[in-house]
Amino acid sequence: MELSKLIAKYVVRTKYEDLPEEVVNFTKHCILDYFASAIAGSNQAPIQMLKEFVVEQGGAEQATLVTGGKTSVTHAATVVIPAALALAEWKK
């Protein structure tokens, strides 16, 4: 079986109750940390530049931006992906 299918099957079969309390608490902490960081940085110049770029690209309003407004899912990834990659590099 392909690795991606194996992982997908595991995820689908996993119930909330199966998760260790430590994992649930850490995940909650990570989500709160993300939103706190996103909101705190939403008015910073680099983020405003990205927002302007995303708005200029147009597209269907499918995703809500932390900075306000909506954009296409693809354009929303313009802000999320670089942040995720930076976090991954920092955690190495």
# chains A, B, ... in the order shown; residues from 1 in each chain; ligands from 1
$ select_by_dssp --residues "chain A" --states "strand (DSSP E)" --output "list in words"
Ala63, Thr64, Lys70 and Thr71 of chain A
$ closest_residue --among "A:Val73, A:Ala86, A:Tyr16, A:Ser42" --to "A:Val54" --atoms "only C-alpha atoms"
A:Val73
$ select_by_dssp --residues "chain A" --states "helix (DSSP H, G or I)" --output "PyMOL selection string"
chain A and resi 3-13+16-18+21-41+45-57+73-91
$ residues_around --residues "A:Thr64" --least-positions-apart "6" --cutoff "10 Å" --atoms "only C-alpha atoms" --output "number ranges by chain"
A: 70-73, 76
$ write_last_selection --atoms "C-alpha atoms" --output "mmCIF file, in the first residue's frame"
data_model
loop_
_atom_site.group_PDB
_atom_site.id
_atom_site.type_symbol
_atom_site.label_atom_id
_atom_site.label_comp_id
_atom_site.auth_asym_id
_atom_site.auth_seq_id
_atom_site.Cartn_x
_atom_site.Cartn_y
_atom_site.Cartn_z
ATOM 1 C CA LYS A 70 -11.561 37.179 1.765
ATOM 2 C CA THR A 71 -9.560 35.687 -1.084
ATOM 3 C CA SER A 72 -9.243 32.488 -3.044
ATOM 4 C CA VAL A 73 -7.863 29.438 -1.281
ATOM 5 C CA ALA A 76 -4.497 32.536 0.996
#
$ closest_residue --among "A:Ile47, A:Val12, A:Leu85, A:Leu3" --to "A:Val66" --atoms "only C-alpha atoms"
A:Ile47
$ closest_residue --among "A:Leu65, A:Ala8, A:Ala88, A:Val55" --to "A:Ala38" --atoms "only C-alpha atoms"
A:Leu65
$ closest_residue --among "A:Glu21, A:Arg13, A:Thr74, A:Ser4" --to "A:Gly58" --atoms "only C-alpha atoms"
A:Thr74
$ decode --residues "stretch 26-46 of chain A" --atoms "C-alpha atoms" --output "compact mmCIF listing (two decimals), in the first residue's frame"
# COMPACT_ATOMS: atom_id res chain seq x y z
CA PHE A 26 -0.11 20.57 22.67
CA THR A 27 -2.25 20.91 19.54
CA LYS A 28 -4.52 23.42 21.29
CA HIS A 29 -1.42 25.38 22.35
CA CYS A 30 -0.10 25.39 18.75
CA ILE A 31 -3.41 26.63 17.36
CA LEU A 32 -3.63 29.42 19.93
CA ASP A 33 0.01 30.33 19.28
CA TYR A 34 -0.65 30.50 15.53
CA PHE A 35 -3.62 32.83 15.90
CA ALA A 36 -1.84 35.02 18.46
CA SER A 37 1.15 35.37 16.14
CA ALA A 38 -1.01 35.90 13.07
CA ILE A 39 -3.09 38.59 14.71
CA ALA A 40 -0.09 40.30 16.30
CA GLY A 41 1.77 40.40 12.98
CA SER A 42 -1.19 41.18 10.74
CA ASN A 43 -0.40 44.91 10.60
CA GLN A 44 3.31 44.49 9.90
CA ALA A 45 4.61 45.82 6.57
CA PRO A 46 5.56 42.45 4.99
